[in-house]
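Dumped entry_6.cif below, it's mmCIF, C-alpha atoms and all ligand atoms:
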```
data_run
loop_
_atom_site.label_atom_id
_atom_site.label_comp_id
_atom_site.auth_asym_id
_atom_site.auth_seq_id
_atom_site.Cartn_x
_atom_site.Cartn_y
_atom_site.Cartn_z
CA MET A 12 184.11 -10.90 116.73
CA LYS A 13 180.99 -11.58 118.79
CA ASN A 14 179.97 -15.12 119.66
CA ILE A 15 178.05 -17.24 117.17
CA TYR A 16 175.22 -19.23 118.77
CA LEU A 17 173.90 -22.13 116.74
CA ILE A 18 170.35 -22.97 117.72
CA GLY A 19 167.69 -25.35 116.43
CA PHE A 20 166.09 -28.69 117.02
CA MET A 21 167.98 -31.77 118.19
CA GLY A 22 169.74 -33.23 115.16
CA ALA A 23 169.68 -29.98 113.18
CA GLY A 24 173.47 -30.27 112.89
CA LYS A 25 174.55 -27.70 115.49
CA THR A 26 177.53 -29.65 116.78
CA SER A 27 178.89 -30.65 113.34
CA VAL A 28 178.44 -27.16 111.95
CA ALA A 29 180.01 -25.61 115.06
CA ARG A 30 183.06 -27.81 114.57
CA ALA A 31 183.39 -26.75 110.93
CA LEU A 32 182.85 -23.08 111.81
CA SER A 33 185.48 -23.28 114.48
CA ALA A 34 187.96 -24.89 112.05
CA ALA A 35 187.24 -22.33 109.35
CA SER A 36 187.31 -19.25 111.59
CA GLY A 37 189.80 -20.13 114.32
CA MET A 38 187.15 -19.30 116.95
CA ASP A 39 186.94 -21.69 119.92
CA MET A 40 183.99 -24.05 120.01
CA ILE A 41 181.77 -24.81 123.00
CA GLU A 42 179.21 -27.62 122.98
CA MET A 43 176.72 -26.73 125.71
CA ASP A 44 175.50 -30.25 126.49
CA GLN A 45 179.03 -31.55 126.67
CA ARG A 46 180.11 -28.70 128.97
CA ILE A 47 177.12 -29.32 131.24
CA GLU A 48 177.89 -33.04 131.37
CA GLN A 49 181.52 -32.34 132.25
CA GLU A 50 180.60 -29.91 135.00
CA ALA A 51 177.85 -32.12 136.44
CA GLY A 52 179.98 -35.24 136.09
CA MET A 53 177.12 -37.22 134.52
CA PRO A 54 175.31 -37.59 131.20
CA ILE A 55 172.26 -35.45 130.32
CA THR A 56 169.90 -38.41 130.71
CA GLU A 57 171.12 -38.93 134.26
CA ILE A 58 170.73 -35.24 135.12
CA PHE A 59 167.11 -35.39 133.88
CA ALA A 60 166.42 -38.65 135.70
CA LYS A 61 167.97 -37.63 139.02
CA TYR A 62 167.11 -33.94 139.26
CA GLY A 63 164.44 -33.27 136.62
CA GLU A 64 164.27 -31.05 133.56
CA GLU A 65 164.01 -27.72 135.43
CA TYR A 66 167.31 -28.38 137.14
CA PHE A 67 168.91 -29.08 133.75
CA ARG A 68 167.39 -25.85 132.40
CA ASP A 69 168.91 -23.96 135.33
CA LEU A 70 172.33 -25.38 134.46
CA GLU A 71 171.81 -24.19 130.88
CA THR A 72 170.92 -20.69 132.06
CA GLU A 73 174.01 -20.62 134.27
CA LEU A 74 176.20 -21.63 131.33
CA VAL A 75 174.65 -19.11 128.94
CA ARG A 76 175.40 -16.37 131.51
CA THR A 77 179.04 -17.42 131.53
CA LEU A 78 179.37 -17.71 127.75
CA ALA A 79 177.69 -14.35 127.19
CA GLY A 80 180.55 -12.78 129.13
CA GLU A 81 183.03 -14.06 126.57
CA SER A 82 183.63 -13.39 122.87
CA GLU A 83 184.90 -15.17 119.76
CA LEU A 84 183.15 -18.42 120.62
CA VAL A 85 181.15 -20.71 118.39
CA VAL A 86 178.49 -22.17 120.66
CA SER A 87 176.53 -25.29 119.82
CA CYS A 88 173.45 -24.67 121.97
CA GLY A 89 171.17 -27.27 123.51
CA GLY A 90 167.97 -27.49 121.46
CA GLY A 91 165.81 -26.19 124.31
CA SER A 92 168.14 -23.47 125.59
CA VAL A 93 166.52 -20.53 123.75
CA LEU A 94 163.09 -21.35 125.13
CA ARG A 95 163.90 -19.30 128.22
CA GLU A 96 163.70 -15.61 127.45
CA GLU A 97 166.65 -14.79 129.69
CA ASN A 98 168.92 -17.10 127.72
CA ALA A 99 167.85 -15.79 124.33
CA ALA A 100 168.32 -12.18 125.51
CA ARG A 101 171.85 -12.90 126.70
CA MET A 102 172.74 -14.63 123.45
CA LYS A 103 171.37 -11.73 121.46
CA GLU A 104 173.40 -9.19 123.44
CA SER A 105 176.62 -11.10 123.07
CA GLY A 106 176.42 -12.57 119.58
CA HIS A 107 174.70 -13.68 116.42
CA ILE A 108 171.96 -16.29 116.75
CA VAL A 109 171.93 -18.69 113.81
CA LEU A 110 169.02 -21.10 113.42
CA LEU A 111 169.77 -24.40 111.66
CA THR A 112 166.71 -26.05 110.16
CA ALA A 113 165.93 -29.51 108.79
CA SER A 114 162.82 -31.50 107.96
CA PRO A 115 161.36 -33.87 110.58
CA GLU A 116 162.36 -36.79 108.33
CA THR A 117 165.99 -35.64 108.23
CA ILE A 118 165.99 -35.01 111.99
CA PHE A 119 164.64 -38.49 112.62
CA GLU A 120 167.35 -40.08 110.49
CA ARG A 121 170.01 -38.16 112.42
CA VAL A 122 168.77 -38.85 115.96
CA ARG A 123 166.99 -42.20 115.71
CA TYR A 124 169.74 -44.20 117.44
CA SER A 125 170.58 -41.53 120.04
CA THR A 126 170.16 -42.64 123.65
CA ASN A 127 171.20 -39.38 125.28
CA ARG A 128 168.21 -37.18 124.39
CA PRO A 129 165.70 -37.56 127.23
CA VAL A 130 163.15 -35.29 125.52
CA LEU A 131 162.82 -37.91 122.78
CA ASN A 132 163.04 -40.97 125.02
CA GLY A 133 160.12 -43.19 124.25
CA ASN A 134 159.02 -40.76 121.52
CA MET A 135 161.53 -41.58 118.82
CA ASN A 136 159.28 -41.21 115.79
CA ILE A 137 158.64 -38.69 113.01
CA ASP A 138 155.19 -37.62 114.23
CA TYR A 139 156.44 -36.71 117.68
CA ILE A 140 159.43 -34.87 116.23
CA ARG A 141 157.19 -32.97 113.79
CA GLY A 142 154.82 -31.97 116.62
CA LEU A 143 157.57 -30.71 118.92
CA MET A 144 159.26 -28.88 116.04
CA GLU A 145 155.97 -27.14 115.26
CA LYS A 146 155.59 -26.11 118.90
CA ARG A 147 159.06 -24.61 118.94
CA ARG A 148 159.18 -23.18 115.45
CA GLU A 149 157.86 -19.71 116.20
CA ARG A 150 160.17 -19.32 119.15
CA TYR A 151 163.22 -20.41 117.16
CA GLU A 152 162.36 -18.11 114.26
CA THR A 153 161.67 -15.13 116.51
CA VAL A 154 165.01 -15.24 118.27
CA ALA A 155 167.13 -16.04 115.19
CA ASP A 156 169.15 -13.37 113.39
CA LEU A 157 169.78 -15.77 110.52
CA MET A 158 168.16 -19.01 109.31
CA VAL A 159 170.16 -21.64 107.49
CA PRO A 160 168.76 -24.87 105.97
CA THR A 161 170.81 -28.04 106.41
CA ASP A 162 168.87 -30.71 104.49
CA GLY A 163 171.16 -32.34 101.98
CA ARG A 164 173.89 -29.72 102.37
CA PRO A 165 177.49 -30.56 103.32
CA VAL A 166 178.60 -29.19 106.68
CA ARG A 167 181.48 -27.15 105.25
CA ILE A 168 179.12 -25.40 102.81
CA ILE A 169 176.75 -24.56 105.66
CA ALA A 170 179.67 -23.20 107.70
CA ALA A 171 180.90 -21.06 104.78
CA ASP A 172 177.35 -19.79 104.25
CA ILE A 173 177.16 -18.68 107.89
CA LEU A 174 180.59 -17.05 107.93
CA ALA A 175 179.68 -15.03 104.84
CA GLN A 176 176.65 -13.62 106.63
CA VAL A 177 177.74 -12.81 110.18
C1 LIG B 201 167.18 -30.71 124.31
C2 LIG B 201 168.21 -30.81 123.40
C3 LIG B 201 169.47 -31.50 123.71
C4 LIG B 201 169.76 -31.44 125.21
C5 LIG B 201 168.60 -31.93 126.01
C6 LIG B 201 167.30 -31.18 125.71
C7 LIG B 201 165.91 -30.05 123.89
O1 LIG B 201 170.52 -30.88 122.99
O2 LIG B 201 170.12 -30.15 125.59
O3 LIG B 201 168.47 -33.29 125.73
O4 LIG B 201 165.04 -29.76 124.74
O5 LIG B 201 165.76 -29.78 122.66
P1 LIG B 201 170.82 -31.09 121.42
O6 LIG B 201 169.93 -30.13 120.68
O7 LIG B 201 172.25 -30.73 121.31
O8 LIG B 201 170.53 -32.51 121.09
#
```
Written as structure tokens, how would this file's structure read?
Ligand code: S3P
Amino acid sequence: MKNIYLIGFMGAGKTSVARALSAASGMDMIEMDQRIEQEAGMPITEIFAKYGEEYFRDLETELVRTLAGESELVVSCGGGSVLREENAARMKESGHIVLLTASPETIFERVRYSTNRPVLNGNMNIDYIRGLMEKRRERYETVADLMVPTDGRPVRIIAADILAQV
């Protein structure tokens, strides 16, 4: 089995769905942000604050390179990781790219109390989320092999839906 890469906006449900997919399939799960935090020894917000976003994006690219060399992984990807062409190409070569979608209202409800998402720091409102989602939408849809809605759907149903289609 190739890897399964879950992509989509912050709060689309990538981590929860990855956990359910891993439980249902027996494939190991990797959470990119968590792995980057472990390896850097600091939270994402601190990486952004100390070294800047480009440095964080380089760490993501490094990690995608590593993961693309493996198989049978369910990967919960950082929301911005497919914006770099190199990353998306490596994911495509080594697995299925599954886009999780949700409305800006749902996303807001899921992330509103999060303090570890520097991209939304100071911009924690529906209008900002809607605008950034719109900017990224075409990119997400272009790289995805499969699109799965998450609004109002239980995580285990979403996971079963994905497993039936990959
Ligand atoms: C980001 C999404 C975050 C994290 C970083 C940047 C983005 O991951 O990688 O804060 O640019 O969309 P999640 O999608 O897991 O929240």
field: Residue among A:Arg30, A:Arg121, A:Arg128, A:Arg101 lying closest to ligand LIG 201 (chain B), counting all atoms listed in the file
entry: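 Selected residue with least distance to ligand LIG 201 (chain B): A:Arg128.
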Option closest in space to Thr56 of chain A, from A:Leu17, A:Leu110, A:Ala29, A:Val130 [counting only C-alpha atoms]: A:Val130
field: Within 9 Å of ligand LIG 201 (chain B) (all atoms listed in the file), residues as a PyMOL selection string
entry: chain A and resi 18-26+42-45+55-56+59+64+67-68+71+87-92+94+122+127-131
- request: Rounded to one decimal place, report the atom CA of Ala171 of chain A-atom CA of Ile118 of chain A distance in Å.
  value: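 If I compute the distance from atom CA of Ala171 of chain A to atom CA of Ile118 of chain A, I get 21.7 Å.
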task: Would you mind telling me which residue in A:Ala60, A:Gln176, A:Gly80, A:Thr117 lies nearest to Asp156 of chain A when using all atoms listed in the file?
output: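 The closest residue to Asp156 of chain A is A:Gln176.
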- prompt: From the set A:His107, A:Gly142, A:Val86, A:Gly63, which residue has the shortest atom-to-atom contact distance to Val28 of chain A, counting all atoms listed in the file?
  reply: A:Val86
- prompt: atom CA of Ile47 of chain A and atom CA of Gly133 of chain A, how far apart in Å?
  reply: 23.0 Å
message: Counting all atoms listed in the file, which residue out of A:Ile140, A:Ala175, A:Val154, A:Leu70 sits closest to Val93 of chain A?
response: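 Checking each of A:Ile140, A:Ala175, A:Val154, A:Leu70 against Val93 of chain A, counting all atoms listed in the file, the winner is A:Val154.
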- request: Tell me which of A:Thr72, A:Gly106, A:Arg46, A:Met144 sits closest to Met12 of chain A, counting only C-alpha atoms.
  value: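 Smallest distance to Met12 of chain A is found for A:Gly106.
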task: Calculate how many Å separate atom CA of Asp138 of chain A from atom CA of Glu116 of chain A, rounding to one decimal.
output: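 Answer for the atom CA of Asp138 of chain A to atom CA of Glu116 of chain A separation: 9.3 Å.
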